[in-house]
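Have a look at structure.txt; it's compact mmCIF, C-alpha atoms:
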```txt
# COMPACT_ATOMS: atom_id res chain seq x y z
CA MET A 1 -213.19 -58.83 -168.68
CA ALA A 2 -211.69 -60.33 -171.84
CA GLU A 3 -213.70 -63.52 -171.42
CA SER A 4 -216.99 -61.67 -171.07
CA ALA A 5 -216.17 -59.48 -174.05
CA ALA A 6 -215.32 -62.50 -176.18
CA GLY A 7 -218.53 -64.17 -175.11
CA SER A 8 -220.51 -61.07 -176.06
CA ALA A 9 -218.91 -61.04 -179.50
CA ALA A 10 -219.46 -64.74 -180.04
CA GLY A 11 -223.15 -64.30 -179.27
CA SER A 12 -223.62 -61.74 -182.05
CA SER A 13 -223.65 -62.33 -185.81
CA VAL A 14 -219.89 -62.89 -185.82
CA GLN A 15 -219.01 -66.08 -187.68
CA CYS A 16 -215.86 -67.97 -188.58
CA VAL A 17 -214.15 -67.33 -191.90
CA ASP A 18 -213.46 -70.08 -194.42
CA VAL A 19 -209.78 -69.39 -195.14
CA ALA A 20 -209.73 -71.74 -198.13
CA ALA A 21 -212.59 -69.79 -199.71
CA LEU A 22 -210.79 -66.54 -198.96
CA LEU A 23 -207.74 -67.78 -200.86
CA ALA A 24 -209.73 -69.22 -203.77
CA ASP A 25 -212.18 -66.34 -204.23
CA PRO A 26 -211.14 -63.40 -202.03
CA TYR A 27 -213.47 -60.71 -203.35
CA GLY A 28 -216.55 -62.92 -203.52
CA THR A 29 -215.85 -64.21 -200.02
CA TYR A 30 -215.26 -60.71 -198.65
CA ALA A 31 -218.55 -59.53 -200.20
CA ALA A 32 -220.44 -62.26 -198.35
CA LEU A 33 -218.60 -61.48 -195.11
CA ARG A 34 -219.37 -57.73 -195.36
CA GLU A 35 -223.05 -58.43 -195.73
CA ALA A 36 -223.14 -60.98 -192.92
CA ALA A 37 -221.36 -58.90 -190.25
CA PRO A 38 -218.73 -56.18 -189.84
CA VAL A 39 -216.33 -58.35 -187.80
CA HIS A 40 -215.57 -62.08 -187.97
CA ARG A 41 -213.42 -64.69 -186.30
CA MET A 42 -210.78 -66.33 -188.50
CA THR A 43 -207.51 -68.19 -188.47
CA GLY A 44 -204.80 -65.65 -189.25
CA PRO A 45 -201.74 -66.17 -191.46
CA ASP A 46 -199.84 -67.37 -188.37
CA GLY A 47 -202.40 -70.11 -187.71
CA ARG A 48 -203.76 -68.38 -184.59
CA PRO A 49 -207.27 -66.94 -184.02
CA ALA A 50 -207.85 -63.35 -185.11
CA TRP A 51 -210.64 -60.82 -185.62
CA LEU A 52 -211.24 -59.83 -189.26
CA VAL A 53 -212.74 -56.37 -189.97
CA THR A 54 -214.33 -56.07 -193.42
CA ARG A 55 -216.36 -52.87 -193.87
CA TYR A 56 -214.86 -49.64 -195.16
CA ASP A 57 -215.84 -47.25 -192.36
CA ASP A 58 -214.72 -49.66 -189.63
CA VAL A 59 -211.42 -50.43 -191.38
CA ARG A 60 -210.61 -46.76 -192.02
CA ARG A 61 -211.34 -45.76 -188.42
CA ALA A 62 -209.35 -48.68 -187.04
CA LEU A 63 -206.32 -47.86 -189.19
CA ALA A 64 -206.05 -44.51 -187.42
CA ASP A 65 -207.15 -45.65 -183.95
CA PRO A 66 -204.33 -45.18 -181.38
CA ARG A 67 -205.97 -47.80 -179.15
CA LEU A 68 -204.90 -50.44 -181.68
CA SER A 69 -201.18 -51.09 -181.22
CA LEU A 70 -198.71 -52.48 -183.75
CA ASP A 71 -196.27 -53.50 -181.02
CA ARG A 72 -196.46 -57.27 -180.68
CA ARG A 73 -195.55 -56.96 -177.00
CA ASN A 74 -199.17 -55.87 -176.52
CA ALA A 75 -200.46 -59.22 -177.77
CA LEU A 76 -201.90 -61.59 -175.20
CA PRO A 77 -199.42 -64.39 -174.49
CA GLY A 78 -200.04 -67.37 -176.73
CA THR A 79 -202.46 -65.58 -179.06
CA TYR A 80 -200.05 -64.39 -181.76
CA SER A 81 -196.91 -65.82 -183.34
CA GLY A 82 -196.61 -63.96 -186.65
CA LEU A 83 -193.53 -63.72 -188.80
CA SER A 84 -190.55 -64.76 -186.71
CA LEU A 85 -187.76 -62.20 -187.02
CA PRO A 86 -184.62 -61.73 -184.91
CA PRO A 87 -184.50 -58.55 -182.78
CA ALA A 88 -182.13 -56.90 -185.24
CA LEU A 89 -184.84 -57.05 -187.93
CA ASP A 90 -187.91 -56.67 -185.73
CA ALA A 91 -187.30 -53.12 -184.47
CA ASN A 92 -189.03 -51.65 -187.53
CA LEU A 93 -191.93 -49.35 -188.26
CA LEU A 94 -194.34 -52.28 -188.67
CA ASN A 95 -193.87 -53.24 -185.02
CA MET A 96 -193.83 -49.77 -183.44
CA ASP A 97 -196.19 -47.21 -181.94
CA PRO A 98 -195.48 -43.54 -181.21
CA PRO A 99 -193.21 -42.02 -180.05
CA ASP A 100 -190.60 -44.45 -181.47
CA HIS A 101 -192.59 -44.82 -184.70
CA THR A 102 -192.78 -41.04 -185.08
CA ARG A 103 -189.02 -40.65 -184.54
CA LEU A 104 -188.00 -43.32 -187.05
CA ARG A 105 -190.51 -42.29 -189.70
CA ARG A 106 -189.32 -38.69 -189.51
CA LEU A 107 -185.78 -39.84 -190.33
CA VAL A 108 -186.74 -41.42 -193.66
CA VAL A 109 -189.79 -39.48 -194.83
CA LYS A 110 -187.56 -36.89 -196.52
CA ALA A 111 -186.53 -39.53 -199.04
CA PHE A 112 -190.13 -39.83 -200.26
CA THR A 113 -191.22 -36.20 -200.61
CA PRO A 114 -193.23 -35.41 -203.77
CA ALA A 115 -190.31 -33.46 -205.22
CA ARG A 116 -187.79 -36.29 -204.70
CA VAL A 117 -190.21 -38.88 -206.05
CA GLU A 118 -190.92 -36.79 -209.14
CA ALA A 119 -187.18 -36.39 -209.72
CA LEU A 120 -186.99 -40.17 -210.05
CA ARG A 121 -189.63 -40.37 -212.79
CA ALA A 122 -187.24 -39.87 -215.72
CA PRO A 123 -184.70 -42.45 -214.42
CA VAL A 124 -187.53 -44.94 -213.82
CA ARG A 125 -188.80 -44.37 -217.34
CA ARG A 126 -185.33 -45.05 -218.77
CA LEU A 127 -185.02 -48.18 -216.66
CA ALA A 128 -188.41 -49.44 -217.85
CA GLY A 129 -187.32 -48.92 -221.44
CA ASP A 130 -184.04 -50.75 -220.86
CA LEU A 131 -185.84 -53.74 -219.35
CA LEU A 132 -188.14 -53.98 -222.37
CA ASP A 133 -185.23 -53.54 -224.77
CA ALA A 134 -183.66 -56.67 -223.25
CA VAL A 135 -186.65 -58.87 -224.23
CA ALA A 136 -188.08 -56.98 -227.22
CA ALA A 137 -186.87 -59.44 -229.86
CA ASP A 138 -188.15 -62.50 -227.99
CA GLY A 139 -191.87 -61.95 -228.60
CA ARG A 140 -192.83 -63.37 -225.21
CA THR A 141 -191.69 -63.16 -221.60
CA ASP A 142 -192.74 -63.60 -217.99
CA LEU A 143 -193.27 -60.00 -216.93
CA MET A 144 -192.81 -60.93 -213.27
CA ALA A 145 -189.26 -62.10 -213.96
CA THR A 146 -188.19 -59.49 -216.52
CA TYR A 147 -190.15 -56.32 -215.78
CA ALA A 148 -192.43 -56.04 -212.74
CA GLY A 149 -189.83 -57.69 -210.49
CA PRO A 150 -186.55 -56.06 -211.54
CA LEU A 151 -187.84 -52.49 -211.85
CA PRO A 152 -188.66 -51.89 -208.15
CA ILE A 153 -185.46 -53.66 -207.07
CA VAL A 154 -183.30 -51.27 -209.07
CA VAL A 155 -185.25 -48.21 -207.87
CA ILE A 156 -185.04 -49.02 -204.16
CA CYS A 157 -181.37 -50.05 -204.48
CA ASP A 158 -180.58 -46.74 -206.20
CA LEU A 159 -182.41 -44.85 -203.46
CA LEU A 160 -180.54 -46.64 -200.69
CA GLY A 161 -177.23 -46.54 -202.52
CA VAL A 162 -176.74 -50.30 -202.81
CA PRO A 163 -173.64 -50.86 -204.99
CA GLN A 164 -174.20 -52.61 -208.32
CA ARG A 165 -171.97 -55.51 -207.27
CA ASP A 166 -174.17 -56.22 -204.24
CA ARG A 167 -177.55 -56.18 -205.95
CA ARG A 168 -179.57 -59.33 -206.34
CA ASP A 169 -183.11 -60.51 -206.83
CA PHE A 170 -184.97 -60.46 -203.49
CA ARG A 171 -187.91 -62.42 -204.87
CA GLU A 172 -186.85 -65.80 -203.49
CA TRP A 173 -186.43 -64.33 -200.00
CA THR A 174 -189.64 -62.31 -199.97
CA ASP A 175 -191.72 -65.18 -201.35
CA ALA A 176 -190.39 -67.44 -198.60
CA LEU A 177 -191.53 -64.93 -195.98
CA ILE A 178 -194.85 -63.78 -197.45
CA ALA A 179 -196.06 -67.05 -199.01
CA PRO A 180 -194.20 -69.82 -197.14
CA ASP A 181 -194.31 -73.36 -198.50
CA PRO A 182 -195.80 -75.64 -195.80
CA ALA A 183 -193.71 -78.49 -197.19
CA GLN A 184 -190.48 -76.49 -196.65
CA PRO A 185 -190.88 -74.66 -193.33
CA GLN A 186 -187.13 -74.12 -193.05
CA ARG A 187 -187.09 -71.83 -196.12
CA ALA A 188 -188.54 -68.89 -194.16
CA LYS A 189 -185.77 -69.18 -191.55
CA GLU A 190 -183.16 -69.44 -194.26
CA ALA A 191 -184.59 -66.35 -195.99
CA VAL A 192 -184.44 -64.36 -192.75
CA ALA A 193 -180.83 -65.38 -192.18
CA SER A 194 -179.89 -64.47 -195.74
CA LEU A 195 -181.59 -61.08 -195.50
CA MET A 196 -179.87 -60.43 -192.19
CA ARG A 197 -176.43 -61.15 -193.64
CA PHE A 198 -177.21 -59.05 -196.70
CA VAL A 199 -178.34 -56.02 -194.68
CA ASP A 200 -175.39 -56.28 -192.27
CA ALA A 201 -172.96 -56.35 -195.20
CA LEU A 202 -174.66 -53.36 -196.81
CA ILE A 203 -174.40 -51.28 -193.63
CA GLU A 204 -170.76 -52.16 -193.05
CA GLY A 205 -169.86 -51.46 -196.65
CA LYS A 206 -171.64 -48.11 -196.64
CA ARG A 207 -170.07 -47.15 -193.32
CA ALA A 208 -166.65 -47.75 -194.87
CA GLU A 209 -167.56 -45.94 -198.11
CA PRO A 210 -170.42 -43.48 -197.50
CA GLY A 211 -172.15 -41.81 -200.44
CA ASP A 212 -174.95 -39.41 -201.31
CA ASP A 213 -177.80 -41.81 -200.57
CA LEU A 214 -180.41 -42.67 -197.96
CA LEU A 215 -178.45 -45.51 -196.36
CA SER A 216 -175.42 -43.27 -195.77
CA ASP A 217 -177.72 -40.62 -194.27
CA LEU A 218 -179.26 -43.16 -191.87
CA ILE A 219 -175.84 -44.42 -190.78
CA ALA A 220 -174.66 -40.87 -190.16
CA VAL A 221 -177.72 -40.17 -188.03
CA ARG A 222 -176.99 -43.22 -185.86
CA ASP A 223 -173.25 -42.74 -185.67
CA GLY A 224 -173.41 -38.99 -185.27
CA GLY A 225 -176.32 -38.37 -182.95
CA ASP A 226 -177.13 -41.84 -181.64
CA VAL A 227 -180.76 -41.41 -182.69
CA LEU A 228 -181.01 -44.87 -184.22
CA SER A 229 -180.03 -47.91 -182.20
CA PRO A 230 -178.07 -50.63 -184.04
CA ASP A 231 -181.19 -52.83 -184.23
CA GLU A 232 -183.31 -49.90 -185.42
CA LEU A 233 -180.85 -49.13 -188.21
CA THR A 234 -180.69 -52.75 -189.38
CA SER A 235 -184.48 -53.16 -189.13
CA LEU A 236 -185.14 -49.94 -191.02
CA VAL A 237 -182.87 -50.92 -193.92
CA PHE A 238 -184.51 -54.36 -193.99
CA LEU A 239 -187.99 -52.82 -194.12
CA LEU A 240 -187.09 -50.33 -196.84
CA LEU A 241 -185.65 -53.10 -199.00
CA PHE A 242 -188.45 -55.55 -198.26
CA ALA A 243 -191.47 -53.25 -198.50
CA GLY A 244 -189.96 -51.06 -201.22
CA TYR A 245 -189.75 -54.12 -203.41
CA GLU A 246 -192.67 -56.33 -202.40
CA ASN A 247 -195.65 -53.97 -202.64
CA THR A 248 -194.58 -52.28 -205.86
CA VAL A 249 -193.85 -55.53 -207.71
CA HIS A 250 -197.38 -56.75 -207.14
CA LEU A 251 -199.03 -53.38 -207.68
CA ILE A 252 -197.42 -53.24 -211.15
CA ALA A 253 -198.15 -56.88 -212.04
CA ASN A 254 -201.76 -56.82 -210.79
CA ALA A 255 -202.37 -53.62 -212.76
CA VAL A 256 -200.94 -55.08 -215.97
CA LEU A 257 -203.04 -58.22 -215.59
CA ALA A 258 -206.21 -56.22 -214.90
CA LEU A 259 -205.74 -54.09 -218.02
CA LEU A 260 -204.91 -57.05 -220.25
CA GLU A 261 -208.08 -58.74 -219.00
CA HIS A 262 -210.11 -55.57 -219.76
CA PRO A 263 -209.23 -54.72 -223.38
CA VAL A 264 -211.72 -51.85 -223.58
CA LEU A 265 -210.02 -50.15 -220.64
CA LEU A 266 -206.60 -50.89 -222.08
CA ARG A 267 -207.60 -49.09 -225.29
CA GLU A 268 -208.65 -46.17 -223.10
CA VAL A 269 -205.18 -46.06 -221.52
CA ARG A 270 -203.48 -46.25 -224.91
CA SER A 271 -205.62 -43.46 -226.37
CA ASP A 272 -205.34 -41.17 -223.36
CA PRO A 273 -202.14 -41.72 -221.29
CA ASP A 274 -203.19 -38.88 -218.97
CA VAL A 275 -205.78 -41.22 -217.48
CA LEU A 276 -203.01 -43.29 -215.85
CA ALA A 277 -202.71 -41.21 -212.68
CA THR A 278 -206.38 -41.82 -211.89
CA ALA A 279 -206.16 -45.36 -213.22
CA VAL A 280 -203.45 -46.36 -210.74
CA GLU A 281 -205.70 -45.30 -207.84
CA GLU A 282 -208.53 -47.39 -209.23
CA LEU A 283 -206.30 -50.37 -209.98
CA MET A 284 -204.99 -50.20 -206.41
CA ARG A 285 -208.55 -50.16 -205.11
CA TRP A 286 -209.78 -52.92 -207.38
CA ASP A 287 -206.95 -55.42 -206.88
CA GLY A 288 -204.25 -54.00 -204.63
CA PRO A 289 -201.14 -55.79 -203.38
CA VAL A 290 -201.96 -55.64 -199.64
CA PRO A 291 -205.14 -57.55 -198.69
CA LEU A 292 -204.59 -57.17 -194.94
CA ALA A 293 -203.04 -54.29 -193.04
CA ILE A 294 -200.37 -55.14 -190.52
CA ARG A 295 -202.00 -56.77 -187.46
CA ARG A 296 -203.12 -54.70 -184.50
CA PHE A 297 -203.52 -55.44 -180.79
CA PRO A 298 -206.09 -53.51 -178.71
CA LEU A 299 -204.58 -51.75 -175.70
CA LYS A 300 -207.97 -52.23 -174.02
CA ASP A 301 -211.29 -53.79 -174.95
CA VAL A 302 -212.39 -51.97 -178.11
CA SER A 303 -215.72 -51.90 -179.93
CA ILE A 304 -215.36 -52.28 -183.71
CA GLY A 305 -218.52 -52.35 -185.78
CA GLY A 306 -220.52 -53.03 -182.65
CA VAL A 307 -218.36 -56.06 -181.73
CA VAL A 308 -216.24 -55.88 -178.58
CA VAL A 309 -212.72 -57.11 -179.34
CA PRO A 310 -210.82 -58.03 -176.15
CA LYS A 311 -207.56 -56.40 -175.15
CA GLY A 312 -204.48 -58.02 -176.66
CA GLU A 313 -206.21 -60.19 -179.24
CA THR A 314 -205.15 -59.99 -182.91
CA VAL A 315 -207.09 -57.66 -185.22
CA LEU A 316 -206.77 -57.93 -189.01
CA LEU A 317 -208.08 -55.03 -191.09
CA SER A 318 -209.02 -56.07 -194.61
CA LEU A 319 -207.99 -53.37 -197.06
CA ALA A 320 -209.13 -55.60 -199.93
CA SER A 321 -212.63 -55.92 -198.50
CA ALA A 322 -212.91 -52.23 -197.56
CA ASN A 323 -211.96 -51.24 -201.11
CA ARG A 324 -214.84 -53.29 -202.54
CA ASP A 325 -217.45 -51.98 -200.08
CA ALA A 326 -220.48 -50.58 -201.95
CA ARG A 327 -221.18 -48.30 -199.01
CA GLN A 328 -218.13 -46.30 -200.11
CA PHE A 329 -217.61 -47.22 -203.77
CA PRO A 330 -220.72 -47.55 -205.97
CA ASP A 331 -220.65 -50.67 -208.17
CA PRO A 332 -217.40 -51.70 -206.43
CA ASP A 333 -216.64 -54.80 -208.52
CA ARG A 334 -216.52 -52.76 -211.72
CA LEU A 335 -213.07 -51.52 -212.78
CA ASP A 336 -213.59 -47.85 -213.71
CA LEU A 337 -210.37 -46.01 -214.58
CA ARG A 338 -212.08 -42.62 -214.31
CA ARG A 339 -213.77 -43.28 -210.99
CA GLU A 340 -213.79 -40.28 -208.67
CA HIS A 341 -211.98 -41.71 -205.69
CA SER A 342 -212.85 -41.05 -202.10
CA GLY A 343 -210.19 -42.55 -199.89
CA GLN A 344 -209.21 -45.93 -201.31
CA LEU A 345 -207.13 -47.76 -198.69
CA GLY A 346 -204.82 -49.83 -200.90
CA LEU A 347 -201.67 -48.78 -199.05
CA GLY A 348 -203.23 -47.95 -195.68
CA HIS A 349 -204.32 -44.82 -193.86
CA GLY A 350 -203.27 -42.77 -190.85
CA ILE A 351 -199.80 -42.62 -189.32
CA HIS A 352 -198.96 -46.08 -190.64
CA HIS A 353 -199.86 -45.24 -194.25
CA CYS A 354 -197.21 -46.79 -196.51
CA LEU A 355 -194.09 -44.64 -196.33
CA GLY A 356 -193.26 -45.21 -199.99
CA ALA A 357 -196.82 -44.88 -201.35
CA ALA A 358 -195.96 -41.94 -203.62
CA LEU A 359 -192.95 -43.81 -205.00
CA ALA A 360 -195.04 -46.95 -205.61
CA ARG A 361 -197.67 -44.92 -207.45
CA MET A 362 -195.07 -43.20 -209.63
CA GLU A 363 -193.28 -46.46 -210.45
CA THR A 364 -196.55 -48.15 -211.38
CA GLU A 365 -197.80 -45.26 -213.50
CA THR A 366 -194.46 -45.08 -215.33
CA ALA A 367 -194.15 -48.86 -215.76
CA LEU A 368 -197.64 -49.06 -217.29
CA ALA A 369 -197.06 -46.07 -219.57
CA VAL A 370 -193.79 -47.40 -221.00
CA LEU A 371 -195.05 -50.98 -221.33
CA PHE A 372 -198.15 -50.11 -223.30
CA GLU A 373 -196.38 -47.48 -225.40
CA ARG A 374 -193.62 -49.89 -226.44
CA LEU A 375 -195.69 -53.04 -226.92
CA ASP A 376 -198.92 -51.93 -228.54
CA ASP A 377 -200.16 -55.47 -229.25
CA LEU A 378 -199.22 -56.95 -225.87
CA GLU A 379 -201.51 -59.75 -224.69
CA LEU A 380 -201.61 -62.58 -222.20
CA ASP A 381 -199.85 -65.73 -223.40
CA LEU A 382 -203.00 -67.87 -223.22
CA PRO A 383 -203.85 -70.70 -223.07
CA GLN A 384 -200.28 -72.03 -223.19
CA ALA A 385 -199.09 -70.23 -220.06
CA PRO A 386 -201.82 -68.60 -217.95
CA PRO A 387 -200.84 -66.27 -215.09
CA VAL A 388 -200.28 -68.05 -211.78
CA ARG A 389 -201.32 -66.45 -208.51
CA ARG A 390 -199.54 -67.29 -205.31
CA GLU A 391 -201.60 -68.37 -202.32
CA SER A 392 -201.20 -65.89 -199.52
CA LEU A 393 -203.41 -64.00 -197.11
CA ARG A 394 -200.64 -61.45 -196.55
CA ALA A 395 -200.08 -60.36 -200.15
CA ARG A 396 -202.10 -60.35 -203.36
CA GLY A 397 -199.65 -61.14 -206.11
CA LEU A 398 -198.55 -63.32 -208.99
CA LYS A 399 -195.93 -66.02 -209.34
CA SER A 400 -195.83 -65.52 -213.09
CA LEU A 401 -197.33 -63.25 -215.75
CA PRO A 402 -196.59 -64.71 -219.21
CA VAL A 403 -197.27 -62.31 -222.12
CA ARG A 404 -196.55 -62.17 -225.85
CA TRP A 405 -196.35 -59.60 -228.68
CA SER A 406 -195.25 -59.29 -232.30
CA ALA A 407 -191.49 -59.41 -231.95
CA GLN A 408 -190.78 -58.46 -235.57
CA LYS A 409 -192.24 -55.01 -234.90
CA ARG A 410 -190.05 -54.34 -231.86
CA THR A 411 -186.51 -53.92 -233.14
CA GLY A 412 -184.68 -50.65 -232.69
CA PHE A 413 -186.65 -49.13 -229.81
```
Go ahead and express the file in the form of structure tokens.
Amino acid sequence: MAESAAGSAAGSSVQCVDVAALLADPYGTYAALREAAPVHRMTGPDGRPAWLVTRYDDVRRALADPRLSLDRRNALPGTYSGLSLPPALDANLLNMDPPDHTRLRRLVVKAFTPARVEALRAPVRRLAGDLLDAVAADGRTDLMATYAGPLPIVVICDLLGVPQRDRRDFREWTDALIAPDPAQPQRAKEAVASLMRFVDALIEGKRAEPGDDLLSDLIAVRDGGDVLSPDELTSLVFLLLFAGYENTVHLIANAVLALLEHPVLLREVRSDPDVLATAVEELMRWDGPVPLAIRRFPLKDVSIGGVVVPKGETVLLSLASANRDARQFPDPDRLDLRREHSGQLGLGHGIHHCLGAALARMETETALAVLFERLDDLELDLPQAPPVRRESLRARGLKSLPVRWSAQKRTGF
């Protein structure tokens, strides 16, 4: 059955994707792919064949389709390798279907209610100000290193209750996992081992000294009612640290870069800060941090966009392509901060919609507001130090974001 389905797909307008072109010019390449066909064959981030879905309606439906499993055990043998994690880190929400997914998500969703997220706004605003105070007199900085990176780390560590003495920059670890260096394949394994040791130490420390925080709550749930297995607890803490940092860092940095490259829109933000809530939605649509949703595996042969995808093969849903689809968003390549949004998919959709989406939005809105309030002549540090993007199909982000401003005007914030 799978062979006949694959043959049927191959005989349609499905064509192979040029991965190099996708890395060099993602939005132009996605535009051409959308027009050519709804589904394409490509080499996935793990080097194995995959099906790439590009059009908005197909992507949105597939994100909520229960026939598409996140559990890698439903992959056909030999067709998927993916990110190699030990069992103690792999029992997380990104590798689970209901009912286990439902049970675990219910345990942590209370930490991200609108009320709890809003209560964090003032502390995040103070933190943003403190980070800018530290570099104000310098007149230039790499915002990735001093602002967009540190802010989400502090927020997620505060939420989890990570002691100050145990905090560190996760950027080296996450970069090794999301954008591995082909010349140093061992770095990804070393990053996994380091993360594992870090998470284990956090859990043991919090078990010995519980507090009023999410990590203590999760430990109590496991120890008290045996709802979380040891691997589930470790994996959940890993995911909260990893995803709580990674997506927000790049959402903030991509948004700053977009506004600095569109000075007319930046003046609009400065003159009317209330536009930021809508602006963050548009910035997430226009250049979001997650180009591809987490891979899926059909539980049976499934038709997507008229193409039959065989059971167990890898399906990649392009959020980046869907968010630039003119069928859903008129004039999609234009950045319009007042666009009336209708379901942008920057952080997913359905039961696997990003757990911390509300927190990421609030952090980004606050980070942009404080940055452009404090540094009213901020600009890119060109041509001396242009921004550097990292090459990755998994994440759309920056390695560096050099900026400058008039330092003499910035004393005594």
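For the pair CA of Val275 (chain A) and CA of Cys157 (chain A), the interatomic distance is 29.0 Å.
With only C-alpha atoms as the atoms that count, the minimum distance from Leu159 (chain A) to the choices A:Asp212, A:Asp231, A:Asp71, A:Glu172 is reached by A:Asp212.
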Please identify all polymer residues within 9 Å of Leu240 (chain A), counting all atoms listed in the file, omitting same-chain residues fewer than 3 positions from it, and present them as a PDB file with C-alpha atoms, in the coordinates of the input.
```pdb
ATOM      1  CA  ILE A 156    -185.040 -49.020-204.160  1.00  0.00           C
ATOM      2  CA  LEU A 160    -180.540 -46.640-200.690  1.00  0.00           C
ATOM      3  CA  SER A 235    -184.480 -53.160-189.130  1.00  0.00           C
ATOM      4  CA  LEU A 236    -185.140 -49.940-191.020  1.00  0.00           C
ATOM      5  CA  VAL A 237    -182.870 -50.920-193.920  1.00  0.00           C
ATOM      6  CA  ALA A 243    -191.470 -53.250-198.500  1.00  0.00           C
ATOM      7  CA  GLY A 244    -189.960 -51.060-201.220  1.00  0.00           C
ATOM      8  CA  TYR A 245    -189.750 -54.120-203.410  1.00  0.00           C
ATOM      9  CA  GLY A 356    -193.260 -45.210-199.990  1.00  0.00           C
TER      10      GLY A 356
END
```
- Query: Counting only C-alpha atoms, what is within 12 Å of Leu260 (chain A), bar same-chain residues fewer than 3 positions away, as a list in words?
  - Reply: Ala253, Asn254, Ala255, Val256, Leu257, Pro263, Val264, Leu265, Leu266, Arg267, Glu268, Val269, Arg270, Leu368, Leu371, Phe372, Asp376, Asp377, Leu378, Glu379, Leu380, Asp381, Leu382, Pro387, Leu401, Pro402, Val403 and Arg404 of chain A
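What separates CA of Tyr27 (chain A) from CA of Phe329 (chain A) is a distance of 14.1 Å.
Nearest to Phe297 (chain A) of all the residues A:His341, A:Arg72, A:Arg334, A:Arg55 is A:Arg72, based on only C-alpha atoms.
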Give me region 146-158 of chain A with N, CA, C and O atoms filled in, as an mmCIF file, in the frame of the given file.
```
data_model
loop_
_atom_site.group_PDB
_atom_site.id
_atom_site.type_symbol
_atom_site.label_atom_id
_atom_site.label_comp_id
_atom_site.auth_asym_id
_atom_site.auth_seq_id
_atom_site.Cartn_x
_atom_site.Cartn_y
_atom_site.Cartn_z
ATOM 1 N N THR A 146 -188.998 -60.398 -215.710
ATOM 2 C CA THR A 146 -188.190 -59.490 -216.520
ATOM 3 C C THR A 146 -188.572 -58.033 -216.434
ATOM 4 O O THR A 146 -187.836 -57.177 -216.934
ATOM 5 N N TYR A 147 -189.699 -57.716 -215.775
ATOM 6 C CA TYR A 147 -190.150 -56.320 -215.780
ATOM 7 C C TYR A 147 -190.702 -55.884 -214.415
ATOM 8 O O TYR A 147 -190.104 -55.040 -213.739
ATOM 9 N N ALA A 148 -191.804 -56.455 -214.004
ATOM 10 C CA ALA A 148 -192.430 -56.040 -212.740
ATOM 11 C C ALA A 148 -191.542 -56.307 -211.542
ATOM 12 O O ALA A 148 -191.560 -55.550 -210.562
ATOM 13 N N GLY A 149 -190.743 -57.384 -211.586
ATOM 14 C CA GLY A 149 -189.830 -57.690 -210.490
ATOM 15 C C GLY A 149 -188.585 -56.846 -210.468
ATOM 16 O O GLY A 149 -188.280 -56.189 -209.463
ATOM 17 N N PRO A 150 -187.826 -56.807 -211.557
ATOM 18 C CA PRO A 150 -186.550 -56.060 -211.540
ATOM 19 C C PRO A 150 -186.696 -54.558 -211.355
ATOM 20 O O PRO A 150 -185.837 -53.941 -210.717
ATOM 21 N N LEU A 151 -187.746 -53.955 -211.901
ATOM 22 C CA LEU A 151 -187.840 -52.490 -211.850
ATOM 23 C C LEU A 151 -187.829 -51.952 -210.416
ATOM 24 O O LEU A 151 -187.014 -51.079 -210.082
ATOM 25 N N PRO A 152 -188.703 -52.412 -209.519
ATOM 26 C CA PRO A 152 -188.660 -51.890 -208.150
ATOM 27 C C PRO A 152 -187.370 -52.206 -207.406
ATOM 28 O O PRO A 152 -186.960 -51.436 -206.524
ATOM 29 N N ILE A 153 -186.725 -53.327 -207.726
ATOM 30 C CA ILE A 153 -185.460 -53.660 -207.070
ATOM 31 C C ILE A 153 -184.407 -52.603 -207.391
ATOM 32 O O ILE A 153 -183.714 -52.092 -206.500
ATOM 33 N N VAL A 154 -184.292 -52.264 -208.668
ATOM 34 C CA VAL A 154 -183.300 -51.270 -209.070
ATOM 35 C C VAL A 154 -183.606 -49.915 -208.437
ATOM 36 O O VAL A 154 -182.705 -49.224 -207.942
ATOM 37 N N VAL A 155 -184.879 -49.520 -208.411
ATOM 38 C CA VAL A 155 -185.250 -48.210 -207.870
ATOM 39 C C VAL A 155 -184.908 -48.106 -206.388
ATOM 40 O O VAL A 155 -184.297 -47.129 -205.946
ATOM 41 N N ILE A 156 -185.293 -49.116 -205.597
ATOM 42 C CA ILE A 156 -185.040 -49.020 -204.160
ATOM 43 C C ILE A 156 -183.547 -49.154 -203.868
ATOM 44 O O ILE A 156 -183.022 -48.518 -202.943
ATOM 45 N N CYS A 157 -182.817 -49.942 -204.667
ATOM 46 C CA CYS A 157 -181.370 -50.050 -204.480
ATOM 47 C C CYS A 157 -180.684 -48.726 -204.821
ATOM 48 O O CYS A 157 -179.731 -48.324 -204.147
ATOM 49 N N ASP A 158 -181.132 -48.057 -205.864
ATOM 50 C CA ASP A 158 -180.580 -46.740 -206.200
ATOM 51 C C ASP A 158 -180.839 -45.754 -205.067
ATOM 52 O O ASP A 158 -179.960 -44.966 -204.695
#
```
